[in-house]
>>> print(open('query.cif').read())   # mmCIF, N, CA and C atoms and all ligand atoms
data_coords
loop_
_atom_site.label_atom_id
_atom_site.label_comp_id
_atom_site.auth_asym_id
_atom_site.auth_seq_id
_atom_site.Cartn_x
_atom_site.Cartn_y
_atom_site.Cartn_z
N MET P 18 -56.74 -24.52 12.14
CA MET P 18 -56.56 -24.78 13.56
C MET P 18 -57.76 -24.30 14.36
N GLY P 19 -58.26 -23.10 14.00
CA GLY P 19 -59.41 -22.51 14.70
C GLY P 19 -60.63 -23.39 14.64
N ASN P 20 -60.71 -24.18 13.59
CA ASN P 20 -61.90 -25.02 13.42
C ASN P 20 -61.59 -26.49 13.61
N CYS P 21 -60.46 -26.77 14.27
CA CYS P 21 -60.02 -28.16 14.39
C CYS P 21 -60.80 -28.88 15.50
N LEU P 22 -61.38 -30.01 15.13
CA LEU P 22 -62.18 -30.80 16.07
C LEU P 22 -61.39 -31.21 17.31
N PHE P 23 -60.16 -31.69 17.11
CA PHE P 23 -59.38 -32.15 18.26
C PHE P 23 -58.89 -30.97 19.11
N CYS P 24 -58.63 -29.82 18.50
CA CYS P 24 -58.30 -28.64 19.31
C CYS P 24 -59.50 -28.26 20.18
N LYS P 25 -60.71 -28.46 19.65
CA LYS P 25 -61.92 -28.18 20.44
C LYS P 25 -62.06 -29.18 21.59
N ILE P 26 -61.70 -30.42 21.34
CA ILE P 26 -61.72 -31.41 22.43
C ILE P 26 -60.69 -31.04 23.50
N ILE P 27 -59.51 -30.63 23.07
CA ILE P 27 -58.47 -30.19 24.02
C ILE P 27 -58.96 -29.00 24.85
N ALA P 28 -59.64 -28.08 24.18
CA ALA P 28 -60.14 -26.88 24.86
C ALA P 28 -61.36 -27.17 25.75
N GLY P 29 -61.90 -28.38 25.63
CA GLY P 29 -63.08 -28.74 26.42
C GLY P 29 -64.38 -28.25 25.81
N GLU P 30 -64.31 -27.76 24.58
CA GLU P 30 -65.52 -27.26 23.91
C GLU P 30 -66.38 -28.42 23.40
N ILE P 31 -65.73 -29.55 23.17
CA ILE P 31 -66.44 -30.79 22.79
C ILE P 31 -66.06 -31.82 23.85
N PRO P 32 -67.06 -32.48 24.45
CA PRO P 32 -66.74 -33.44 25.50
C PRO P 32 -66.04 -34.69 24.96
N SER P 33 -65.26 -35.32 25.82
CA SER P 33 -64.61 -36.58 25.44
C SER P 33 -64.40 -37.39 26.72
N THR P 34 -64.21 -38.68 26.54
CA THR P 34 -63.88 -39.54 27.67
C THR P 34 -62.37 -39.63 27.75
N LYS P 35 -61.80 -38.91 28.71
CA LYS P 35 -60.35 -38.79 28.79
C LYS P 35 -59.73 -39.96 29.57
N LEU P 36 -58.65 -40.47 29.04
CA LEU P 36 -57.89 -41.52 29.74
C LEU P 36 -56.67 -40.93 30.43
N TYR P 37 -56.14 -39.85 29.85
CA TYR P 37 -54.92 -39.24 30.41
C TYR P 37 -54.80 -37.83 29.85
N GLU P 38 -54.30 -36.94 30.69
CA GLU P 38 -54.04 -35.58 30.21
C GLU P 38 -52.88 -34.98 30.98
N ASP P 39 -52.00 -34.29 30.28
CA ASP P 39 -51.00 -33.44 30.95
C ASP P 39 -50.87 -32.16 30.14
N ASN P 40 -49.81 -31.41 30.36
CA ASN P 40 -49.71 -30.11 29.70
C ASN P 40 -49.44 -30.20 28.21
N GLU P 41 -49.02 -31.38 27.74
CA GLU P 41 -48.65 -31.46 26.32
C GLU P 41 -49.39 -32.52 25.51
N MET P 42 -50.20 -33.34 26.16
CA MET P 42 -50.92 -34.38 25.41
C MET P 42 -52.25 -34.73 26.06
N LEU P 43 -53.09 -35.37 25.26
CA LEU P 43 -54.40 -35.84 25.74
C LEU P 43 -54.66 -37.21 25.13
N ALA P 44 -55.16 -38.13 25.96
CA ALA P 44 -55.59 -39.44 25.46
C ALA P 44 -57.07 -39.58 25.78
N PHE P 45 -57.85 -40.03 24.80
CA PHE P 45 -59.30 -40.14 24.99
C PHE P 45 -59.83 -41.26 24.13
N LEU P 46 -61.03 -41.74 24.49
CA LEU P 46 -61.64 -42.84 23.75
C LEU P 46 -62.14 -42.35 22.40
N ASP P 47 -61.96 -43.19 21.38
CA ASP P 47 -62.52 -42.88 20.07
C ASP P 47 -64.04 -42.98 20.15
N ILE P 48 -64.73 -42.02 19.53
CA ILE P 48 -66.20 -41.98 19.60
C ILE P 48 -66.83 -43.13 18.82
N ASN P 49 -66.09 -43.68 17.89
CA ASN P 49 -66.61 -44.75 17.02
C ASN P 49 -65.62 -45.92 17.05
N PRO P 50 -65.60 -46.65 18.18
CA PRO P 50 -64.53 -47.64 18.37
C PRO P 50 -64.57 -48.77 17.35
N MET P 51 -63.39 -49.10 16.83
CA MET P 51 -63.25 -50.17 15.84
C MET P 51 -62.82 -51.48 16.49
N SER P 52 -62.62 -51.44 17.79
CA SER P 52 -62.24 -52.65 18.53
C SER P 52 -62.60 -52.40 20.00
N PRO P 53 -62.60 -53.45 20.83
CA PRO P 53 -62.99 -53.26 22.24
C PRO P 53 -62.16 -52.20 22.95
N VAL P 54 -60.89 -52.09 22.62
CA VAL P 54 -60.06 -51.00 23.14
C VAL P 54 -59.67 -50.13 21.95
N HIS P 55 -60.10 -48.88 21.96
CA HIS P 55 -59.75 -47.96 20.86
C HIS P 55 -59.66 -46.56 21.44
N PHE P 56 -58.44 -46.11 21.61
CA PHE P 56 -58.25 -44.73 22.09
C PHE P 56 -57.28 -43.99 21.18
N LEU P 57 -57.27 -42.69 21.35
CA LEU P 57 -56.40 -41.80 20.58
C LEU P 57 -55.50 -41.04 21.54
N VAL P 58 -54.27 -40.81 21.14
CA VAL P 58 -53.39 -39.93 21.90
C VAL P 58 -52.94 -38.82 20.96
N ILE P 59 -53.11 -37.58 21.42
CA ILE P 59 -52.81 -36.43 20.56
C ILE P 59 -51.93 -35.41 21.31
N PRO P 60 -51.12 -34.68 20.54
CA PRO P 60 -50.40 -33.56 21.17
C PRO P 60 -51.38 -32.40 21.35
N LYS P 61 -51.20 -31.61 22.38
CA LYS P 61 -52.05 -30.42 22.54
C LYS P 61 -51.68 -29.36 21.50
N LYS P 62 -50.42 -29.36 21.13
CA LYS P 62 -49.98 -28.47 20.05
C LYS P 62 -50.62 -28.93 18.74
N HIS P 63 -51.20 -28.02 18.00
CA HIS P 63 -51.81 -28.42 16.72
C HIS P 63 -50.73 -28.71 15.69
N ILE P 64 -50.65 -29.99 15.33
CA ILE P 64 -49.78 -30.44 14.23
C ILE P 64 -50.73 -31.19 13.30
N SER P 65 -50.79 -30.83 12.03
CA SER P 65 -51.82 -31.38 11.15
C SER P 65 -51.68 -32.88 10.89
N ASN P 66 -50.46 -33.31 10.69
CA ASN P 66 -50.25 -34.74 10.39
C ASN P 66 -48.77 -35.06 10.58
N LEU P 67 -48.43 -36.32 10.39
CA LEU P 67 -47.05 -36.75 10.67
C LEU P 67 -46.03 -36.05 9.76
N PHE P 68 -46.45 -35.66 8.57
CA PHE P 68 -45.53 -34.97 7.66
C PHE P 68 -45.13 -33.59 8.19
N GLU P 69 -45.95 -33.05 9.09
CA GLU P 69 -45.70 -31.70 9.61
C GLU P 69 -44.86 -31.72 10.89
N VAL P 70 -44.48 -32.89 11.33
CA VAL P 70 -43.66 -33.00 12.54
C VAL P 70 -42.22 -32.60 12.21
N ASP P 71 -41.66 -31.67 12.96
CA ASP P 71 -40.26 -31.34 12.71
C ASP P 71 -39.37 -31.82 13.86
N THR P 72 -38.08 -31.57 13.70
CA THR P 72 -37.11 -32.14 14.65
C THR P 72 -37.40 -31.75 16.09
N GLU P 73 -37.86 -30.53 16.30
CA GLU P 73 -38.14 -30.11 17.69
C GLU P 73 -39.29 -30.89 18.31
N ASP P 74 -40.13 -31.49 17.47
CA ASP P 74 -41.28 -32.25 17.99
C ASP P 74 -40.92 -33.71 18.28
N ALA P 75 -39.71 -34.11 17.96
CA ALA P 75 -39.36 -35.53 18.05
C ALA P 75 -39.51 -36.07 19.47
N ALA P 76 -39.06 -35.30 20.46
CA ALA P 76 -39.13 -35.78 21.84
C ALA P 76 -40.59 -35.86 22.30
N LEU P 77 -41.38 -34.87 21.91
CA LEU P 77 -42.81 -34.88 22.23
C LEU P 77 -43.48 -36.12 21.64
N LEU P 78 -43.16 -36.42 20.41
CA LEU P 78 -43.74 -37.60 19.76
C LEU P 78 -43.34 -38.88 20.49
N GLY P 79 -42.10 -38.92 20.94
CA GLY P 79 -41.63 -40.07 21.71
C GLY P 79 -42.43 -40.23 22.99
N ARG P 80 -42.69 -39.12 23.67
CA ARG P 80 -43.46 -39.21 24.93
C ARG P 80 -44.90 -39.63 24.66
N ILE P 81 -45.46 -39.16 23.54
CA ILE P 81 -46.83 -39.55 23.19
C ILE P 81 -46.90 -41.06 22.90
N LEU P 82 -45.92 -41.54 22.17
CA LEU P 82 -45.88 -42.97 21.86
C LEU P 82 -45.70 -43.79 23.13
N ASN P 83 -44.87 -43.28 24.02
CA ASN P 83 -44.64 -43.96 25.28
C ASN P 83 -45.93 -44.02 26.12
N LYS P 84 -46.68 -42.94 26.13
CA LYS P 84 -47.96 -42.92 26.85
C LYS P 84 -48.94 -43.88 26.20
N ALA P 85 -48.94 -43.94 24.87
CA ALA P 85 -49.85 -44.85 24.16
C ALA P 85 -49.55 -46.30 24.55
N GLN P 86 -48.29 -46.65 24.62
CA GLN P 86 -47.98 -48.05 24.99
C GLN P 86 -48.35 -48.33 26.44
N GLU P 87 -48.16 -47.34 27.31
CA GLU P 87 -48.54 -47.51 28.72
C GLU P 87 -50.05 -47.72 28.84
N LEU P 88 -50.82 -46.91 28.13
CA LEU P 88 -52.28 -47.03 28.20
C LEU P 88 -52.77 -48.33 27.57
N ALA P 89 -52.10 -48.78 26.52
CA ALA P 89 -52.46 -50.07 25.92
C ALA P 89 -52.29 -51.17 26.96
N LYS P 90 -51.21 -51.11 27.71
CA LYS P 90 -50.95 -52.13 28.74
C LYS P 90 -51.97 -52.03 29.87
N THR P 91 -52.22 -50.82 30.35
CA THR P 91 -53.13 -50.69 31.50
C THR P 91 -54.59 -50.93 31.11
N ASN P 92 -54.87 -50.92 29.81
CA ASN P 92 -56.23 -51.22 29.35
C ASN P 92 -56.36 -52.68 28.91
N GLY P 93 -55.45 -53.52 29.37
CA GLY P 93 -55.64 -54.97 29.24
C GLY P 93 -55.03 -55.60 28.01
N CYS P 94 -54.19 -54.85 27.28
CA CYS P 94 -53.69 -55.38 26.01
C CYS P 94 -52.21 -55.79 26.04
N GLU P 95 -51.63 -55.84 27.23
CA GLU P 95 -50.20 -56.15 27.29
C GLU P 95 -49.90 -57.55 26.76
N GLU P 96 -50.76 -58.49 27.13
CA GLU P 96 -50.52 -59.89 26.75
C GLU P 96 -50.69 -60.11 25.25
N GLU P 97 -51.83 -59.65 24.71
CA GLU P 97 -52.18 -59.96 23.32
C GLU P 97 -51.73 -58.89 22.33
N GLY P 98 -51.40 -57.71 22.82
CA GLY P 98 -50.94 -56.65 21.92
C GLY P 98 -52.07 -55.90 21.25
N GLY P 99 -51.79 -55.36 20.09
CA GLY P 99 -52.78 -54.55 19.38
C GLY P 99 -52.08 -53.80 18.28
N ARG P 100 -52.64 -52.66 17.89
CA ARG P 100 -52.03 -51.93 16.77
C ARG P 100 -52.03 -50.43 17.04
N PHE P 101 -50.85 -49.83 16.82
CA PHE P 101 -50.68 -48.37 16.91
C PHE P 101 -50.70 -47.84 15.48
N ILE P 102 -51.57 -46.87 15.21
CA ILE P 102 -51.79 -46.43 13.83
C ILE P 102 -51.74 -44.91 13.76
N ILE P 103 -51.04 -44.40 12.75
CA ILE P 103 -51.08 -42.96 12.46
C ILE P 103 -51.54 -42.80 11.02
N ASN P 104 -52.84 -42.65 10.81
CA ASN P 104 -53.36 -42.40 9.47
C ASN P 104 -52.88 -41.02 9.02
N THR P 105 -52.38 -40.96 7.80
CA THR P 105 -51.77 -39.71 7.33
C THR P 105 -52.32 -39.29 5.96
N LYS P 106 -52.98 -38.14 5.94
CA LYS P 106 -53.55 -37.52 4.74
C LYS P 106 -54.55 -38.46 4.04
N SER P 107 -54.91 -38.10 2.81
CA SER P 107 -56.08 -38.75 2.21
C SER P 107 -55.88 -40.24 1.94
N ASP P 108 -54.75 -40.64 1.39
CA ASP P 108 -54.56 -42.07 1.11
C ASP P 108 -54.48 -42.89 2.40
N GLY P 109 -54.07 -42.25 3.47
CA GLY P 109 -53.98 -42.96 4.75
C GLY P 109 -55.30 -43.01 5.48
N GLY P 110 -56.31 -42.33 4.94
CA GLY P 110 -57.63 -42.35 5.58
C GLY P 110 -57.76 -41.38 6.75
N GLN P 111 -56.90 -40.37 6.79
CA GLN P 111 -56.98 -39.39 7.88
C GLN P 111 -58.21 -38.50 7.68
N THR P 112 -59.05 -38.44 8.68
CA THR P 112 -60.27 -37.63 8.58
C THR P 112 -60.23 -36.40 9.49
N VAL P 113 -59.38 -36.42 10.50
CA VAL P 113 -59.23 -35.26 11.39
C VAL P 113 -57.79 -34.76 11.25
N ASP P 114 -57.65 -33.52 10.80
CA ASP P 114 -56.32 -32.98 10.50
C ASP P 114 -55.63 -32.42 11.75
N HIS P 115 -55.50 -33.27 12.74
CA HIS P 115 -54.71 -32.97 13.95
C HIS P 115 -54.06 -34.30 14.29
N LEU P 116 -52.74 -34.32 14.28
CA LEU P 116 -51.99 -35.56 14.48
C LEU P 116 -52.54 -36.39 15.64
N HIS P 117 -52.77 -37.67 15.39
CA HIS P 117 -53.27 -38.56 16.44
C HIS P 117 -52.75 -39.97 16.21
N ILE P 118 -52.45 -40.61 17.32
CA ILE P 118 -52.08 -42.04 17.28
C ILE P 118 -53.29 -42.82 17.75
N HIS P 119 -53.75 -43.75 16.93
CA HIS P 119 -54.79 -44.68 17.36
C HIS P 119 -54.13 -45.85 18.06
N PHE P 120 -54.79 -46.38 19.08
CA PHE P 120 -54.45 -47.73 19.53
C PHE P 120 -55.71 -48.57 19.44
N LEU P 121 -55.59 -49.71 18.75
CA LEU P 121 -56.67 -50.68 18.63
C LEU P 121 -56.23 -51.98 19.28
N GLY P 122 -57.06 -52.50 20.16
CA GLY P 122 -56.74 -53.76 20.81
C GLY P 122 -58.00 -54.46 21.28
N GLY P 123 -57.81 -55.63 21.86
CA GLY P 123 -58.94 -56.37 22.41
C GLY P 123 -59.58 -57.34 21.43
N ARG P 124 -59.06 -57.40 20.22
CA ARG P 124 -59.51 -58.42 19.27
C ARG P 124 -58.39 -58.64 18.25
N LYS P 125 -58.48 -59.75 17.54
CA LYS P 125 -57.50 -60.05 16.50
C LYS P 125 -57.79 -59.14 15.30
N LEU P 126 -56.78 -58.41 14.83
CA LEU P 126 -56.96 -57.49 13.72
C LEU P 126 -56.46 -58.12 12.44
N GLY P 127 -57.13 -57.80 11.34
CA GLY P 127 -56.72 -58.34 10.05
C GLY P 127 -55.53 -57.58 9.46
N TRP P 128 -54.85 -58.19 8.53
CA TRP P 128 -53.77 -57.57 7.78
C TRP P 128 -53.72 -58.18 6.40
N PRO P 129 -53.56 -57.46 5.30
CA PRO P 129 -53.34 -56.01 5.26
C PRO P 129 -54.64 -55.23 5.45
N PRO P 130 -54.53 -53.94 5.77
CA PRO P 130 -55.72 -53.10 5.90
C PRO P 130 -56.37 -52.93 4.54
N GLY P 131 -57.68 -52.75 4.51
CA GLY P 131 -58.40 -52.63 3.23
C GLY P 131 -58.12 -51.30 2.55
P1 LIG N 1 -58.63 -40.67 11.44
O1 LIG N 1 -59.66 -41.26 10.53
O2 LIG N 1 -58.41 -39.20 11.14
O3 LIG N 1 -57.35 -41.43 11.52
O4 LIG N 1 -59.23 -40.77 12.89
C1 LIG N 1 -60.10 -39.86 13.44
C2 LIG N 1 -60.81 -40.57 14.55
O5 LIG N 1 -61.46 -39.60 15.35
C3 LIG N 1 -61.89 -41.53 14.07
O6 LIG N 1 -61.59 -42.84 14.51
C4 LIG N 1 -63.18 -40.99 14.68
O7 LIG N 1 -64.05 -42.00 15.14
C5 LIG N 1 -62.66 -40.13 15.82
N1 LIG N 1 -63.54 -39.02 16.13
C6 LIG N 1 -64.13 -38.17 15.24
N2 LIG N 1 -64.86 -37.25 15.90
C7 LIG N 1 -64.71 -37.51 17.22
C8 LIG N 1 -65.23 -36.89 18.41
O8 LIG N 1 -65.96 -35.91 18.37
N3 LIG N 1 -64.87 -37.45 19.60
C9 LIG N 1 -64.06 -38.55 19.67
N4 LIG N 1 -63.79 -39.01 20.89
N5 LIG N 1 -63.55 -39.14 18.58
C10 LIG N 1 -63.87 -38.63 17.37
ZN ZN N 2 -55.98 -29.14 16.15
#
>>> encode(input="query.cif", output="structure tokens")
Amino acid sequence: MGNCLFCKIIAGEIPSTKLYEDNEMLAFLDINPMSPVHFLVIPKKHISNLFEVDTEDAALLGRILNKAQELAKTNGCEEEGGRFIINTKSDGGQTVDHLHIHFLGGRKLGWPPG
């Protein structure tokens, strides 16, 4: 946790382009966008990945997902949609061990993922 990149972004030690912030979550642009719209929404509480979410976090996760859908809409993706992604651990391609929801939109995405 002490060395967590996203905890440093939350603390303001690493700059980010913020889309939304409150006392329990932060939404910011991905530094390496994979589509015209690519942002991340994270809890301020350090949770390593989706497997570490427990019952008490369920409502928080719901609010984060709700904010992600709101931001997807306000960033121009309501009509065409996009993809909400939670990469989890090594097989899922998770590179930052702080739970985050990606939203990708603004272009047609392929399926299945490689
Ligand atoms: P993961 O691969 O763990 O699902 O996603 C981590 C994401 O964090 C990647 O899409 C990567 O581009 C993004 N990322 C890594 N370092 C930084 C950073 O310093 N700032 C921002 N804004 N995004 C980052
Ligand atoms: Zn963290």
>>> residues_around(input="query.cif", residues="Asp47 in chain P", least_positions_apart="5", cutoff="6.5 Å", atoms="all atoms listed in the file", output="JSON, numbers by chain")
{"P": [55, 56, 57]}
>>> closest_atom_pairs(input="query.cif", of="chain P", to="ligand ZN 2 (chain N)", cutoff="6 Å", atoms="all atoms listed in the file", output="JSON lines")
{"residue": "P:Met18", "atom": "CA", "partner": "N:ZN2", "partner_atom": "ZN", "distance": 5.1}
{"residue": "P:Cys21", "atom": "CA", "partner": "N:ZN2", "partner_atom": "ZN", "distance": 4.5}
{"residue": "P:Leu22", "atom": "N", "partner": "N:ZN2", "partner_atom": "ZN", "distance": 5.6}
{"residue": "P:Phe23", "atom": "C", "partner": "N:ZN2", "partner_atom": "ZN", "distance": 4.5}
{"residue": "P:Cys24", "atom": "N", "partner": "N:ZN2", "partner_atom": "ZN", "distance": 3.6}
{"residue": "P:Lys25", "atom": "N", "partner": "N:ZN2", "partner_atom": "ZN", "distance": 5.9}
{"residue": "P:Lys62", "atom": "C", "partner": "N:ZN2", "partner_atom": "ZN", "distance": 6.0}
{"residue": "P:His63", "atom": "CA", "partner": "N:ZN2", "partner_atom": "ZN", "distance": 4.3}
{"residue": "P:Ile64", "atom": "N", "partner": "N:ZN2", "partner_atom": "ZN", "distance": 5.5}
{"residue": "P:Asp114", "atom": "C", "partner": "N:ZN2", "partner_atom": "ZN", "distance": 5.5}
{"residue": "P:His115", "atom": "CA", "partner": "N:ZN2", "partner_atom": "ZN", "distance": 4.6}
>>> select_by_dssp(input="query.cif", residues="range 70-109 of chain P", states="strand (DSSP E)", output="list of chain:residue names")
P:Gly99, P:Arg100, P:Phe101, P:Ile102
>>> closest_residue(input="query.cif", among="P:Ala76, P:Val113, P:Val58, P:Leu126", to="ligand LIG 1 (chain N)", atoms="only N, CA and C atoms and all ligand atoms")
P:Val113
>>> select_by_dssp(input="query.cif", residues="chain P", states="alpha helix (DSSP H)", output="ChimeraX atom specification")
/P:22-28,75-89,106-109
>>> residues_near_ligand(input="query.cif", ligand="ligand LIG 1 (chain N)", cutoff="12 Å", atoms="only C-alpha atoms and all ligand atoms", output="PyMOL selection string")
chain P and resi 21-27+29-36+43-52+54-59+65-67+101-121
>>> decode(input="query.cif", residues="range 59-84 of chain P", atoms="N, CA and C atoms", output="PDB file, in the first residue's frame")
ATOM      1  N   ILE P  59     -11.487   4.665  -9.144  1.00  0.00           N
ATOM      2  CA  ILE P  59     -10.885   3.858  -8.073  1.00  0.00           C
ATOM      3  C   ILE P  59     -11.447   4.270  -6.703  1.00  0.00           C
ATOM      4  N   PRO P  60     -11.482   3.306  -5.788  1.00  0.00           N
ATOM      5  CA  PRO P  60     -11.821   3.682  -4.403  1.00  0.00           C
ATOM      6  C   PRO P  60     -10.602   4.338  -3.764  1.00  0.00           C
ATOM      7  N   LYS P  61     -10.818   5.276  -2.869  1.00  0.00           N
ATOM      8  CA  LYS P  61      -9.677   5.861  -2.153  1.00  0.00           C
ATOM      9  C   LYS P  61      -9.096   4.859  -1.157  1.00  0.00           C
ATOM     10  N   LYS P  62      -9.966   4.015  -0.646  1.00  0.00           N
ATOM     11  CA  LYS P  62      -9.500   2.926   0.218  1.00  0.00           C
ATOM     12  C   LYS P  62      -8.666   1.956  -0.612  1.00  0.00           C
ATOM     13  N   HIS P  63      -7.504   1.587  -0.122  1.00  0.00           N
ATOM     14  CA  HIS P  63      -6.673   0.642  -0.876  1.00  0.00           C
ATOM     15  C   HIS P  63      -7.261  -0.760  -0.790  1.00  0.00           C
ATOM     16  N   ILE P  64      -7.738  -1.232  -1.937  1.00  0.00           N
ATOM     17  CA  ILE P  64      -8.191  -2.623  -2.086  1.00  0.00           C
ATOM     18  C   ILE P  64      -7.387  -3.144  -3.270  1.00  0.00           C
ATOM     19  N   SER P  65      -6.672  -4.250  -3.104  1.00  0.00           N
ATOM     20  CA  SER P  65      -5.729  -4.678  -4.138  1.00  0.00           C
ATOM     21  C   SER P  65      -6.388  -5.100  -5.445  1.00  0.00           C
ATOM     22  N   ASN P  66      -7.480  -5.817  -5.334  1.00  0.00           N
ATOM     23  CA  ASN P  66      -8.152  -6.288  -6.556  1.00  0.00           C
ATOM     24  C   ASN P  66      -9.556  -6.745  -6.183  1.00  0.00           C
ATOM     25  N   LEU P  67     -10.304  -7.163  -7.188  1.00  0.00           N
ATOM     26  CA  LEU P  67     -11.714  -7.506  -6.954  1.00  0.00           C
ATOM     27  C   LEU P  67     -11.877  -8.681  -5.987  1.00  0.00           C
ATOM     28  N   PHE P  68     -10.886  -9.570  -5.943  1.00  0.00           N
ATOM     29  CA  PHE P  68     -10.963 -10.710  -5.024  1.00  0.00           C
ATOM     30  C   PHE P  68     -10.901 -10.268  -3.558  1.00  0.00           C
ATOM     31  N   GLU P  69     -10.364  -9.077  -3.332  1.00  0.00           N
ATOM     32  CA  GLU P  69     -10.190  -8.588  -1.960  1.00  0.00           C
ATOM     33  C   GLU P  69     -11.386  -7.763  -1.474  1.00  0.00           C
ATOM     34  N   VAL P  70     -12.381  -7.621  -2.318  1.00  0.00           N
ATOM     35  CA  VAL P  70     -13.570  -6.850  -1.928  1.00  0.00           C
ATOM     36  C   VAL P  70     -14.425  -7.700  -0.992  1.00  0.00           C
ATOM     37  N   ASP P  71     -14.771  -7.169   0.168  1.00  0.00           N
ATOM     38  CA  ASP P  71     -15.658  -7.940   1.034  1.00  0.00           C
ATOM     39  C   ASP P  71     -17.046  -7.294   1.112  1.00  0.00           C
ATOM     40  N   THR P  72     -17.916  -7.934   1.872  1.00  0.00           N
ATOM     41  CA  THR P  72     -19.325  -7.519   1.889  1.00  0.00           C
ATOM     42  C   THR P  72     -19.499  -6.047   2.259  1.00  0.00           C
ATOM     43  N   GLU P  73     -18.676  -5.575   3.182  1.00  0.00           N
ATOM     44  CA  GLU P  73     -18.831  -4.156   3.590  1.00  0.00           C
ATOM     45  C   GLU P  73     -18.485  -3.193   2.463  1.00  0.00           C
ATOM     46  N   ASP P  74     -17.731  -3.662   1.468  1.00  0.00           N
ATOM     47  CA  ASP P  74     -17.346  -2.799   0.352  1.00  0.00           C
ATOM     48  C   ASP P  74     -18.382  -2.798  -0.776  1.00  0.00           C
ATOM     49  N   ALA P  75     -19.401  -3.617  -0.645  1.00  0.00           N
ATOM     50  CA  ALA P  75     -20.341  -3.800  -1.762  1.00  0.00           C
ATOM     51  C   ALA P  75     -21.026  -2.487  -2.153  1.00  0.00           C
ATOM     52  N   ALA P  76     -21.447  -1.705  -1.168  1.00  0.00           N
ATOM     53  CA  ALA P  76     -22.151  -0.455  -1.475  1.00  0.00           C
ATOM     54  C   ALA P  76     -21.194   0.546  -2.121  1.00  0.00           C
ATOM     55  N   LEU P  77     -19.973   0.586  -1.621  1.00  0.00           N
ATOM     56  CA  LEU P  77     -18.948   1.458  -2.207  1.00  0.00           C
ATOM     57  C   LEU P  77     -18.711   1.091  -3.675  1.00  0.00           C
ATOM     58  N   LEU P  78     -18.609  -0.190  -3.937  1.00  0.00           N
ATOM     59  CA  LEU P  78     -18.392  -0.637  -5.312  1.00  0.00           C
ATOM     60  C   LEU P  78     -19.559  -0.250  -6.208  1.00  0.00           C
ATOM     61  N   GLY P  79     -20.760  -0.344  -5.659  1.00  0.00           N
ATOM     62  CA  GLY P  79     -21.950   0.066  -6.405  1.00  0.00           C
ATOM     63  C   GLY P  79     -21.882   1.543  -6.762  1.00  0.00           C
ATOM     64  N   ARG P  80     -21.466   2.364  -5.804  1.00  0.00           N
ATOM     65  CA  ARG P  80     -21.385   3.809  -6.076  1.00  0.00           C
ATOM     66  C   ARG P  80     -20.295   4.113  -7.105  1.00  0.00           C
ATOM     67  N   ILE P  81     -19.198   3.365  -7.046  1.00  0.00           N
ATOM     68  CA  ILE P  81     -18.115   3.567  -8.019  1.00  0.00           C
ATOM     69  C   ILE P  81     -18.599   3.208  -9.432  1.00  0.00           C
ATOM     70  N   LEU P  82     -19.306   2.100  -9.520  1.00  0.00           N
ATOM     71  CA  LEU P  82     -19.840   1.676 -10.824  1.00  0.00           C
ATOM     72  C   LEU P  82     -20.852   2.690 -11.345  1.00  0.00           C
ATOM     73  N   ASN P  83     -21.653   3.209 -10.436  1.00  0.00           N
ATOM     74  CA  ASN P  83     -22.639   4.211 -10.810  1.00  0.00           C
ATOM     75  C   ASN P  83     -21.963   5.486 -11.328  1.00  0.00           C
ATOM     76  N   LYS P  84     -20.889   5.891 -10.677  1.00  0.00           N
ATOM     77  CA  LYS P  84     -20.136   7.072 -11.136  1.00  0.00           C
ATOM     78  C   LYS P  84     -19.500   6.793 -12.489  1.00  0.00           C
TER      79      LYS P  84
END
